[in-house]
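Participant: Structure provided below as structure tokens; questions to follow.
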Amino acid sequence: MIDYTKEELVELLRKHPEKFNEWKADQEEIDLSEVDFTGINLSEIDFSDADLNSSSFADCNLSFVNFTNTDLTSVDFTRARVLECDFTDALLTGADCSYAEMTYCNFSDCDMAGCILSEADLSNSDLTA
């Protein structure tokens, strides 16, 4: 099993996202807290159960990303384009989603206490508790 640094994982996500998903399948815990993903395009990535606390997805294009049961406390989604992503049971407390387009997303049972949604577009998203 390969052990990557946070910086190496970001490069893996940039260049070979499918290899990240294969690697993640064998991991019990993933700590990607305080990582800067700004401006990266991510599609069909599995971040489920990961620690992404205080990371930045500002100006990212995210589609079909699995954030199920993920710690997204204080994450920056400012101006991000987030389409059809799954946030079921995620922790989004204090996250900044200002000016983000978060459409067709599933936020079922997601804790969004203190989440900043200024000018955010949540059209067609599921916000049921």
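Letters A, B, ... mark the chains of the structure tokens in the order given; residue numbers begin at 1 per chain; ligand numbers begin at 1, in order shown.
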For the structure I just gave you, how does DSSP split region 62-125 of chain A - specifically, which residues are strand (DSSP E or B)? Reply as number ranges by chain.
Facilitator: A: 62-63, 66, 71, 76, 81-83, 86, 91, 96, 101-103, 106, 111, 116, 121
Participant: Take the residues from that selection and put them in a file with C-alpha atoms, as a short mmCIF file (atom, residue, chain, number, x, y, z; two decimals), in the first residue's frame.
Facilitator:
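See selection33.cif below for the written result:
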data_model
loop_
_atom_site.label_atom_id
_atom_site.label_comp_id
_atom_site.auth_asym_id
_atom_site.auth_seq_id
_atom_site.Cartn_x
_atom_site.Cartn_y
_atom_site.Cartn_z
CA LEU A 62 -17.02 19.57 -8.75
CA SER A 63 -19.42 17.08 -10.30
CA ASN A 66 -19.17 11.74 -3.01
CA ASP A 71 -15.95 16.40 7.75
CA ASP A 76 -14.34 27.17 1.54
CA ARG A 81 -19.58 24.99 -9.21
CA VAL A 82 -20.88 21.92 -7.38
CA LEU A 83 -23.17 19.73 -9.47
CA ASP A 86 -23.72 13.80 -2.42
CA LEU A 91 -20.57 18.00 8.50
CA ASP A 96 -18.44 29.22 3.27
CA GLU A 101 -23.64 27.00 -7.55
CA MET A 102 -24.65 23.84 -5.68
CA THR A 103 -27.39 22.41 -7.86
CA ASN A 106 -28.10 15.76 -1.91
CA ASP A 111 -25.27 19.45 9.42
CA ILE A 116 -22.62 30.78 4.88
CA ASP A 121 -27.68 28.71 -5.73
#
Participant: Quick one: residues within 7 Å of region 35-48 of chain A, only C-alpha atoms counted, chain neighbours fewer than 6 positions away excluded, as a ChimeraX atom specification?
Facilitator: /A:14,17,21,55-70
Participant: Take the residues that were just selected and, keeping all heavy atoms, output them as a compact mmCIF listing (two decimals), in the first residue's frame.
Facilitator:
# COMPACT_ATOMS: atom_id res chain seq x y z
N ARG A 14 -5.23 15.86 -9.40
CA ARG A 14 -5.13 16.72 -10.60
C ARG A 14 -4.90 15.88 -11.86
O ARG A 14 -5.50 16.11 -12.89
CB ARG A 14 -3.96 17.68 -10.47
CG ARG A 14 -4.18 18.88 -9.64
CD ARG A 14 -2.93 19.78 -9.73
NE ARG A 14 -2.86 20.74 -8.67
CZ ARG A 14 -3.44 21.93 -8.71
NH1 ARG A 14 -4.14 22.29 -9.76
NH2 ARG A 14 -3.32 22.76 -7.69
N PRO A 17 -7.23 11.19 -11.28
CA PRO A 17 -8.27 11.04 -10.24
C PRO A 17 -8.75 9.61 -10.05
O PRO A 17 -9.08 9.22 -8.94
CB PRO A 17 -9.39 11.96 -10.73
CG PRO A 17 -9.09 12.26 -12.15
CD PRO A 17 -7.63 12.09 -12.34
N ASN A 21 -9.19 7.31 -6.42
CA ASN A 21 -10.32 6.50 -5.98
C ASN A 21 -9.91 5.06 -5.69
O ASN A 21 -10.37 4.46 -4.72
CB ASN A 21 -11.45 6.53 -7.01
CG ASN A 21 -12.21 7.84 -7.01
OD1 ASN A 21 -12.17 8.61 -6.05
ND2 ASN A 21 -12.91 8.11 -8.09
N SER A 55 -10.34 22.89 4.45
CA SER A 55 -9.77 22.85 3.10
C SER A 55 -10.48 23.89 2.23
O SER A 55 -11.51 24.42 2.59
CB SER A 55 -9.93 21.46 2.49
OG SER A 55 -9.11 20.54 3.16
N SER A 56 -9.90 24.16 1.06
CA SER A 56 -10.51 25.12 0.14
C SER A 56 -10.81 24.48 -1.21
O SER A 56 -9.92 23.91 -1.85
CB SER A 56 -9.59 26.32 -0.07
OG SER A 56 -10.16 27.21 -1.01
N PHE A 57 -12.08 24.62 -1.61
CA PHE A 57 -12.53 24.22 -2.93
C PHE A 57 -13.00 25.46 -3.70
O PHE A 57 -13.82 25.37 -4.60
CB PHE A 57 -13.68 23.20 -2.84
CG PHE A 57 -13.27 21.85 -2.33
CD1 PHE A 57 -13.41 21.52 -0.99
CD2 PHE A 57 -12.75 20.91 -3.20
CE1 PHE A 57 -13.04 20.27 -0.52
CE2 PHE A 57 -12.37 19.65 -2.74
CZ PHE A 57 -12.52 19.33 -1.39
N ALA A 58 -12.47 26.62 -3.34
CA ALA A 58 -12.87 27.87 -3.98
C ALA A 58 -12.59 27.80 -5.49
O ALA A 58 -11.55 27.29 -5.91
CB ALA A 58 -12.12 29.05 -3.37
N ASP A 59 -13.55 28.26 -6.26
CA ASP A 59 -13.44 28.32 -7.73
C ASP A 59 -13.24 26.95 -8.38
O ASP A 59 -12.74 26.87 -9.51
CB ASP A 59 -12.32 29.27 -8.15
CG ASP A 59 -12.56 30.68 -7.66
OD1 ASP A 59 -13.62 31.24 -7.97
OD2 ASP A 59 -11.70 31.23 -6.94
N CYS A 60 -13.61 25.87 -7.70
CA CYS A 60 -13.49 24.53 -8.27
C CYS A 60 -14.75 24.16 -9.06
O CYS A 60 -15.82 24.70 -8.82
CB CYS A 60 -13.33 23.49 -7.16
SG CYS A 60 -11.72 23.42 -6.41
N ASN A 61 -14.59 23.24 -9.98
CA ASN A 61 -15.71 22.60 -10.65
C ASN A 61 -15.78 21.18 -10.10
O ASN A 61 -14.87 20.38 -10.33
CB ASN A 61 -15.51 22.57 -12.17
CG ASN A 61 -15.71 23.93 -12.79
OD1 ASN A 61 -16.66 24.62 -12.49
ND2 ASN A 61 -14.79 24.32 -13.65
N LEU A 62 -16.85 20.88 -9.37
CA LEU A 62 -17.02 19.57 -8.75
C LEU A 62 -18.30 18.94 -9.27
O LEU A 62 -19.37 19.55 -9.19
CB LEU A 62 -17.13 19.71 -7.23
CG LEU A 62 -16.00 20.48 -6.52
CD1 LEU A 62 -16.38 20.76 -5.08
CD2 LEU A 62 -14.72 19.70 -6.59
N SER A 63 -18.21 17.76 -9.83
CA SER A 63 -19.42 17.08 -10.30
C SER A 63 -19.37 15.60 -9.91
O SER A 63 -18.34 14.96 -9.99
CB SER A 63 -19.59 17.23 -11.81
OG SER A 63 -18.47 16.74 -12.50
N PHE A 64 -20.52 15.13 -9.43
CA PHE A 64 -20.69 13.73 -9.02
C PHE A 64 -19.65 13.32 -7.97
O PHE A 64 -19.16 12.18 -7.96
CB PHE A 64 -20.64 12.79 -10.22
CG PHE A 64 -21.67 13.10 -11.27
CD1 PHE A 64 -21.33 13.81 -12.40
CD2 PHE A 64 -22.99 12.70 -11.08
CE1 PHE A 64 -22.28 14.12 -13.35
CE2 PHE A 64 -23.95 13.00 -12.04
CZ PHE A 64 -23.60 13.71 -13.18
N VAL A 65 -19.29 14.24 -7.07
CA VAL A 65 -18.33 13.94 -6.00
C VAL A 65 -19.09 13.40 -4.79
O VAL A 65 -20.14 13.91 -4.42
CB VAL A 65 -17.51 15.20 -5.62
CG1 VAL A 65 -16.60 14.92 -4.43
CG2 VAL A 65 -16.70 15.69 -6.81
N ASN A 66 -18.56 12.36 -4.18
CA ASN A 66 -19.17 11.74 -3.01
C ASN A 66 -18.53 12.31 -1.74
O ASN A 66 -17.39 12.01 -1.42
CB ASN A 66 -18.97 10.22 -3.06
CG ASN A 66 -19.65 9.51 -1.92
OD1 ASN A 66 -20.28 10.12 -1.06
ND2 ASN A 66 -19.51 8.20 -1.89
N PHE A 67 -19.31 13.16 -1.04
CA PHE A 67 -18.88 13.74 0.23
C PHE A 67 -19.64 13.10 1.40
O PHE A 67 -19.73 13.68 2.47
CB PHE A 67 -19.14 15.25 0.25
CG PHE A 67 -18.25 16.08 -0.64
CD1 PHE A 67 -18.75 16.67 -1.78
CD2 PHE A 67 -16.92 16.29 -0.32
CE1 PHE A 67 -17.95 17.47 -2.59
CE2 PHE A 67 -16.11 17.07 -1.12
CZ PHE A 67 -16.62 17.66 -2.26
N THR A 68 -20.19 11.91 1.23
CA THR A 68 -20.98 11.25 2.26
C THR A 68 -20.17 11.08 3.55
O THR A 68 -19.04 10.58 3.52
CB THR A 68 -21.47 9.87 1.78
OG1 THR A 68 -22.23 10.06 0.58
CG2 THR A 68 -22.33 9.19 2.82
N ASN A 69 -20.77 11.52 4.67
CA ASN A 69 -20.15 11.37 6.00
C ASN A 69 -18.76 12.00 6.08
O ASN A 69 -17.89 11.51 6.79
CB ASN A 69 -20.10 9.89 6.39
CG ASN A 69 -19.96 9.71 7.88
OD1 ASN A 69 -20.58 10.42 8.66
ND2 ASN A 69 -19.12 8.77 8.29
N THR A 70 -18.56 13.08 5.37
CA THR A 70 -17.26 13.75 5.32
C THR A 70 -17.25 14.96 6.25
O THR A 70 -18.24 15.67 6.37
CB THR A 70 -16.96 14.21 3.87
OG1 THR A 70 -16.94 13.05 3.04
CG2 THR A 70 -15.62 14.91 3.76
Participant: Quick one: of A:Ala100, A:Ala25, A:Ala90, A:Cys115, who's nearest to Ala129 (chain A), counting only C-alpha atoms?
Facilitator: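 When distances to Ala129 (chain A) are compared using only C-alpha atoms, the smallest one comes from A:Ala90.
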Participant: From the options A:Val10, A:Glu84, A:Ser54, A:Cys97, which residue's atoms come nearest to Ser33 (chain A), counting only C-alpha atoms?
Facilitator: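 Among A:Val10, A:Glu84, A:Ser54, A:Cys97, it is A:Ser54 that comes nearest to Ser33 (chain A).
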Participant: Which one is closest to Ile2 (chain A): A:Phe77, A:Met112, A:Lys19, A:Asp126? Count only C-alpha atoms.
Facilitator: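 That would be A:Lys19, the residue with the smallest distance to Ile2 (chain A).
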